[in-house]
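Trainee: Here it is: the structure, laid out below.
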Amino acid sequence: MNIRPLGTTDLRVSEFCLGTMTFGEQNTEAEAHAQLDLAVAHGVNFIDVAEMYPVPPRAETQGRTESYVGSWLARQARDRVVLATKVTGPARGYDWIRGGPRISPEHLREALEGSLRRLRTDYVDLYQIHWPDRYVPMFGESSYDASRERETIPIRTQLETLAGFVREGKVRHIGLSNETPWGLGEFMRLASEHGLPRIATIQNAYHLLNRTFETGLAEVCHHLEVPLLAYSPLAFGALTGKYLADPQAAGRLNLFPGFGRRYAKPNVMPAVREYLRIAREAGLDPARMAIAFVATRRFVGATIIGATSLDQLRTNLGAAGMTLPEDVLAEIEQVHLRYPNPAP
């Protein structure tokens with residue numbers, strides 16, 4: 001497992017980060033601990049959680065993922081684990097979280113203290129805003145609609161509150177998630193102008209079926225030296241091919257159809273069929289090919305992998321250190337041109 005610097009921070013992280021959003025819904029606490037142990041045994045030192053997990057979010061389970069990771073973390077050497085968590089923004093509602101989550105000073109304080117308590121630690125290495133406080137197009141929405149703008153917490157206020165957490169030693173670095181080029185630019189501009197902590201990372205979806213990051217954010221992140229933490233490299237499992245083999249296969253697309261609507265669009269499965277063909281003809285496991293594609297992009301700081309079984313996790317971890325042949329990359333580009341971003 002390659003270990004690399006994370007952007008301009010002092011953190012050194014594994015090329016794969018273990019995502020945990022199944023812990024507490026599809027995985028028991030014992031299963032969660034087994035996944036964490038397996039990932040660490042393969043060289044993973046980077047764990048990503050969120051206060052709203054597990055997914056799909058429910059009032060009855062909110063925070064359970066952090067608690068499961070916290071009970072595991074309690075028996076680890078804390079300084080050997082790079083731990084990231086996220087504060088919930090208002091984009092998806094979730095009124096059971098603080099009566100409707102915001103990125104205000106009061107909400108940030110309550111969210112961070114709750115996460116630290118559940119994680120059984122006195123600091124997190126990376127604290128991320130899960131969704132912007134302001135309106136942005138989300139999950140399957142293809143365009144910006146100015147009429148949906150809403151009153152929002154000023155970005156400077158958000159940064160000043162996060163800066164206080166850094167001064168207190170409760171947060172080492174701050175990041176964004178599901179953010180846009182304008183948003184990232186504003187956070188960085190205001191941080192520079194007012195002597196506030198710079199944004200260390202951006203966590204957005206990136207996979208063979210959704211390469212929209214390349215359109216604007218890749219350039220912005222290159223110039224601002226902000227690496228991508230790429231989530232959903234297997235597109236909710238679609239890129240494994242299991243739903244082509246059996247449309248009713250067990251998995252999140254069938255278990256939680258409302259949560260994976262963006263993968264039900266017309267060109268998704270035709271594109272998946274072509275990517276599977278490329279993998280088959282090259283003698284590659286399709287999941288490993290998809291993950292390796294993401295992990296080897298120059299703008300990716302770490303690829304967030306997840307699983308519901310140890311066998312799935314072993315398959316995904318097997319993509320560590322892989323490089324794809326040039327002819328495979330060329331074929332991937334041809335499919336991308338034919339089916340550009342069918343699941344944005």
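Convention: chains lettered A, B, ... in structure tokens order; per-chain residue numbering from 1; ligands numbered from 1 as shown.
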Write out as a list in words the residues lying within 12 Å of Phe213 (chain A), counting only C-alpha atoms and excluding same-chain residues fewer than 4 positions away.

Mentor: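 So, after excluding close chain neighbours, the residues are Asn178, Glu179, Thr180, Pro181, Ile202, Gln203, Asn204, Ala205, Tyr206, His207, Leu208, Leu209, Leu217, Ala218, Glu219, Val220, Cys221, His222, Pro227, Leu228, Leu229, Ala230, Tyr231, Val294, Arg297, Phe299, Val300, Asn341 and Pro344 of chain A.
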
Trainee: Would you mind listing, for every residue of region 138-256 of chain A within 7 Å of region 7-19 of chain A, the two atoms forming the shortest contact and the distance between them in Å to one decimal, using only C-alpha atoms, sorted by chain and ascending residue number, as JSON lines?

Mentor:
{"residue": "A:Ala200", "atom": "CA", "partner": "A:Gly7", "partner_atom": "CA", "distance": 6.6}
{"residue": "A:Glu225", "atom": "CA", "partner": "A:Gly7", "partner_atom": "CA", "distance": 6.1}
{"residue": "A:Val226", "atom": "CA", "partner": "A:Gly7", "partner_atom": "CA", "distance": 5.9}
{"residue": "A:Pro227", "atom": "CA", "partner": "A:Gly7", "partner_atom": "CA", "distance": 5.7}

Trainee: Give me the residues near Arg134 (chain A) as a count of residues only, where near means some atom within 9 Å (using only C-alpha atoms) and where sequence neighbours in that chain fewer than 2 positions away do not count.

Mentor: 12

Trainee: Mind checking which residues fall within 8 Å of region 101-116 of chain A, counting only C-alpha atoms, ignoring those fewer than 4 positions away in the same chain, and posting them as a list of chain:residue names?

Mentor: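 The residues satisfying every condition are A:Glu51, A:Gly63, A:Glu66, A:Thr85, A:Val87, A:Thr88, A:Gly89, A:Pro90, A:Gly93, A:Tyr94, A:Asp95, A:Ile97, A:Arg120, A:Thr121, A:Asp122, A:Tyr123, A:Val124, A:Ile129, A:Pro132, A:Asp133, A:Ile153, A:Thr157, A:Gln158, A:Thr161, A:Leu162.
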
Trainee: Tell me which protein, DNA and RNA residues are within 12 Å of Pro325 (chain A), counting only C-alpha atoms, leaving out same-chain ones fewer than 5 positions away, and put them as a PyMOL selection string.

Mentor: chain A and resi 278-279+282-284+289+292-293+296+330-332

Trainee: Find, counting only C-alpha atoms, the residue in A:Val44, A:Tyr339, A:Ser71, A:Gly175 that gets nearest to Pro266 (chain A).

Mentor: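 Using only C-alpha atoms, the shortest distance to Pro266 (chain A) belongs to A:Tyr339.
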
Trainee: Give me the residues within 10 Å of Tyr127 (chain A) as a list in words, counting only C-alpha atoms and dropping any in the same chain fewer than 5 places off.

Mentor: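 Non-adjacent residues within range: Asp48, Val49, Ala50, Leu83, Ala84, Thr85, Lys86, Val87, Leu112, Leu162, Phe165, Val166, Lys170, Val171, Arg172, His173, Ile174, Gly175, Leu176, Ala200 and Thr201 of chain A.
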
Trainee: Which polymer residues have any atom within 6 Å of an atom of region 237-243 of chain A, counting only C-alpha atoms, with same-chain residues fewer than 4 positions away left out, as a PyMOL selection string?

Mentor: chain A and resi 247+249+272+286-287

Trainee: For those residues, write N, CA and C atoms to a file as a PDB file, in the first residue's frame.

Mentor:
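Saved result, again-v4.pdb, follows:
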ATOM      1  N   PRO A 247     -30.154  -8.304 -12.168  1.00  0.00           N
ATOM      2  CA  PRO A 247     -30.729  -7.004 -11.813  1.00  0.00           C
ATOM      3  C   PRO A 247     -31.286  -6.945 -10.398  1.00  0.00           C
ATOM      4  N   ALA A 249     -29.775  -8.387  -7.797  1.00  0.00           N
ATOM      5  CA  ALA A 249     -28.675  -8.771  -6.907  1.00  0.00           C
ATOM      6  C   ALA A 249     -28.742  -7.994  -5.593  1.00  0.00           C
ATOM      7  N   VAL A 272     -21.650   0.559 -18.232  1.00  0.00           N
ATOM      8  CA  VAL A 272     -21.089  -0.502 -17.391  1.00  0.00           C
ATOM      9  C   VAL A 272     -20.747  -1.720 -18.238  1.00  0.00           C
ATOM     10  N   PRO A 286     -13.134  -6.429 -12.819  1.00  0.00           N
ATOM     11  CA  PRO A 286     -13.729  -5.121 -13.137  1.00  0.00           C
ATOM     12  C   PRO A 286     -13.708  -4.139 -11.974  1.00  0.00           C
ATOM     13  N   ALA A 287     -13.892  -4.639 -10.743  1.00  0.00           N
ATOM     14  CA  ALA A 287     -13.847  -3.731  -9.589  1.00  0.00           C
ATOM     15  C   ALA A 287     -12.453  -3.157  -9.427  1.00  0.00           C
TER      16      ALA A 287
END

Trainee: Counting only C-alpha atoms, which residue out of A:Tyr144, A:Ala320, A:Trp96, A:Ala245 sits closest to Arg58 (chain A)?

Mentor: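 Comparing A:Tyr144, A:Ala320, A:Trp96, A:Ala245 against Arg58 (chain A), the winner is A:Trp96.
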
Trainee: Please identify the helix (DSSP H, G or I) residues within region 83-213 of chain A (assignment by DSSP from backbone atoms) and present them as a ChimeraX atom specification.

Mentor: /A:105-119,146-148,155-168,181-194,212-213

Trainee: Please, could you write that set of residues out with C-alpha atoms as a PDB file, in the first residue's frame?

Mentor:
ATOM      1  CA  PRO A 105     -20.934  28.244  14.844  1.00  0.00           C
ATOM      2  CA  GLU A 106     -23.444  26.620  17.188  1.00  0.00           C
ATOM      3  CA  HIS A 107     -24.097  23.637  14.931  1.00  0.00           C
ATOM      4  CA  LEU A 108     -20.415  23.154  14.189  1.00  0.00           C
ATOM      5  CA  ARG A 109     -19.579  23.082  17.888  1.00  0.00           C
ATOM      6  CA  GLU A 110     -22.347  20.616  18.736  1.00  0.00           C
ATOM      7  CA  ALA A 111     -21.479  18.396  15.765  1.00  0.00           C
ATOM      8  CA  LEU A 112     -17.767  18.256  16.517  1.00  0.00           C
ATOM      9  CA  GLU A 113     -18.255  17.532  20.218  1.00  0.00           C
ATOM     10  CA  GLY A 114     -20.692  14.751  19.379  1.00  0.00           C
ATOM     11  CA  SER A 115     -18.309  13.202  16.873  1.00  0.00           C
ATOM     12  CA  LEU A 116     -15.378  13.325  19.300  1.00  0.00           C
ATOM     13  CA  ARG A 117     -17.479  11.674  21.991  1.00  0.00           C
ATOM     14  CA  ARG A 118     -18.661   8.863  19.714  1.00  0.00           C
ATOM     15  CA  LEU A 119     -15.194   8.358  18.202  1.00  0.00           C
ATOM     16  CA  ALA A 146     -30.178  30.506  -9.199  1.00  0.00           C
ATOM     17  CA  SER A 147     -33.828  30.691  -8.109  1.00  0.00           C
ATOM     18  CA  ARG A 148     -33.059  28.103  -5.439  1.00  0.00           C
ATOM     19  CA  ILE A 155     -18.223  31.259   4.433  1.00  0.00           C
ATOM     20  CA  ARG A 156     -15.934  33.494   6.498  1.00  0.00           C
ATOM     21  CA  THR A 157     -17.997  32.693   9.607  1.00  0.00           C
ATOM     22  CA  GLN A 158     -17.720  28.981   8.874  1.00  0.00           C
ATOM     23  CA  LEU A 159     -13.950  29.277   8.463  1.00  0.00           C
ATOM     24  CA  GLU A 160     -13.509  31.346  11.627  1.00  0.00           C
ATOM     25  CA  THR A 161     -15.377  28.721  13.652  1.00  0.00           C
ATOM     26  CA  LEU A 162     -13.292  25.902  12.173  1.00  0.00           C
ATOM     27  CA  ALA A 163     -10.150  27.921  12.860  1.00  0.00           C
ATOM     28  CA  GLY A 164     -11.134  27.980  16.514  1.00  0.00           C
ATOM     29  CA  PHE A 165     -11.288  24.180  16.553  1.00  0.00           C
ATOM     30  CA  VAL A 166      -7.789  24.056  15.059  1.00  0.00           C
ATOM     31  CA  ARG A 167      -6.478  26.425  17.751  1.00  0.00           C
ATOM     32  CA  GLU A 168      -8.077  24.248  20.431  1.00  0.00           C
ATOM     33  CA  PRO A 181     -15.255  25.147  -8.078  1.00  0.00           C
ATOM     34  CA  TRP A 182     -16.743  28.466  -6.939  1.00  0.00           C
ATOM     35  CA  GLY A 183     -17.176  27.236  -3.367  1.00  0.00           C
ATOM     36  CA  LEU A 184     -13.656  25.874  -3.073  1.00  0.00           C
ATOM     37  CA  GLY A 185     -12.272  29.093  -4.547  1.00  0.00           C
ATOM     38  CA  GLU A 186     -14.212  31.227  -2.056  1.00  0.00           C
ATOM     39  CA  PHE A 187     -13.067  29.191   0.935  1.00  0.00           C
ATOM     40  CA  MET A 188      -9.458  29.472  -0.211  1.00  0.00           C
ATOM     41  CA  ARG A 189      -9.691  33.195  -1.008  1.00  0.00           C
ATOM     42  CA  LEU A 190     -11.183  34.065   2.367  1.00  0.00           C
ATOM     43  CA  ALA A 191      -8.717  31.832   4.207  1.00  0.00           C
ATOM     44  CA  SER A 192      -5.838  33.634   2.507  1.00  0.00           C
ATOM     45  CA  GLU A 193      -7.258  37.129   3.049  1.00  0.00           C
ATOM     46  CA  HIS A 194      -8.038  36.634   6.747  1.00  0.00           C
ATOM     47  CA  THR A 212     -17.477  15.641 -13.850  1.00  0.00           C
ATOM     48  CA  PHE A 213     -14.685  16.529 -11.411  1.00  0.00           C
TER      49      PHE A 213
END

Trainee: For the structure I just gave you, how does DSSP split region 4-147 of chain A - specifically, which residues are strand (DSSP E)? Reply as a list in words.

Mentor: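 The strand (DSSP E) residues within region 4-147 of chain A come out as Arg4, Pro5, Arg12, Val13, Ser14, Phe16, Cys17, Leu18, Gly19, Phe46, Ile47, Asp48, Val82, Leu83, Ala84, Thr85, Lys86, Val87, Val124, Asp125, Leu126, Tyr127, Gln128 and Ile129 of chain A.
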
Trainee: Filtering to C-alpha atoms, could you give me those residues as a PDB file, in the first residue's frame?

Mentor:
ATOM      1  CA  ARG A   4       1.819   9.580   0.344  1.00  0.00           C
ATOM      2  CA  PRO A   5       1.656  13.166   1.620  1.00  0.00           C
ATOM      3  CA  ARG A  12       0.799  10.959   5.307  1.00  0.00           C
ATOM      4  CA  VAL A  13      -2.005   8.691   4.196  1.00  0.00           C
ATOM      5  CA  SER A  14      -2.482   5.368   2.444  1.00  0.00           C
ATOM      6  CA  PHE A  16      -6.826   3.896  -0.082  1.00  0.00           C
ATOM      7  CA  CYS A  17      -9.050   5.288   2.644  1.00  0.00           C
ATOM      8  CA  LEU A  18     -11.604   2.980   4.246  1.00  0.00           C
ATOM      9  CA  GLY A  19     -15.125   4.307   3.872  1.00  0.00           C
ATOM     10  CA  PHE A  46      -6.846   6.464   6.667  1.00  0.00           C
ATOM     11  CA  ILE A  47     -10.466   6.085   7.901  1.00  0.00           C
ATOM     12  CA  ASP A  48     -13.403   8.257   6.804  1.00  0.00           C
ATOM     13  CA  VAL A  82      -5.546   9.292  10.181  1.00  0.00           C
ATOM     14  CA  LEU A  83      -9.168   9.910  11.078  1.00  0.00           C
ATOM     15  CA  ALA A  84     -11.574  12.011   9.038  1.00  0.00           C
ATOM     16  CA  THR A  85     -15.178  12.842   9.836  1.00  0.00           C
ATOM     17  CA  LYS A  86     -17.794  15.245   8.505  1.00  0.00           C
ATOM     18  CA  VAL A  87     -20.390  17.702   9.788  1.00  0.00           C
ATOM     19  CA  VAL A 124      -9.793  14.447  14.365  1.00  0.00           C
ATOM     20  CA  ASP A 125      -7.132  14.763  11.707  1.00  0.00           C
ATOM     21  CA  LEU A 126      -9.497  16.030   9.014  1.00  0.00           C
ATOM     22  CA  TYR A 127     -12.856  17.707   9.689  1.00  0.00           C
ATOM     23  CA  GLN A 128     -14.987  18.165   6.582  1.00  0.00           C
ATOM     24  CA  ILE A 129     -18.166  20.071   5.710  1.00  0.00           C
TER      25      ILE A 129
END

Trainee: Find the residue from A:Leu324, A:Ala271, A:Leu313, A:Ala302 that sits nearest to Val40 (chain A); use only C-alpha atoms when measuring.

Mentor: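 Checking each of A:Leu324, A:Ala271, A:Leu313, A:Ala302 against Val40 (chain A), counting only C-alpha atoms, the winner is A:Leu313.
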
Trainee: Show me, as a Markdown table, the residues of region 201-318 of chain A having an atom within 12 Å of region 23-39 of chain A, each with the closest atom pair and its distance in Å, using only C-alpha atoms.

Mentor:
| residue | atom | partner | partner_atom | distance |
| --- | --- | --- | --- | --- |
| A:Ala250 | CA | A:Gln26 | CA | 11.2 |
| A:Gly251 | CA | A:Gln26 | CA | 9.6 |
| A:Arg252 | CA | A:Gln26 | CA | 9.2 |
| A:Leu255 | CA | A:Gln26 | CA | 9.9 |
| A:Phe256 | CA | A:Gln26 | CA | 11.1 |
| A:Ile304 | CA | A:Ala39 | CA | 11.8 |
| A:Ile305 | CA | A:Ala39 | CA | 10.0 |
| A:Gly306 | CA | A:Gln35 | CA | 9.2 |
| A:Ala307 | CA | A:Gln35 | CA | 8.3 |
| A:Thr308 | CA | A:Asn27 | CA | 6.4 |
| A:Ser309 | CA | A:Gln35 | CA | 7.8 |
| A:Leu310 | CA | A:Gln35 | CA | 6.3 |
| A:Asp311 | CA | A:Gln35 | CA | 9.8 |
| A:Gln312 | CA | A:Gln35 | CA | 10.0 |
| A:Leu313 | CA | A:Gln35 | CA | 7.4 |
| A:Arg314 | CA | A:Leu38 | CA | 8.1 |
| A:Thr315 | CA | A:Ala39 | CA | 11.4 |
| A:Asn316 | CA | A:Ala39 | CA | 10.1 |
| A:Leu317 | CA | A:Ala39 | CA | 7.7 |
| A:Gly318 | CA | A:Ala39 | CA | 10.9 |

Trainee: Please compute the CA of Met21 (chain A)-CA of Pro56 (chain A) distance, one decimal, in Å.

Mentor: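 These atoms are spaced 8.4 Å apart.
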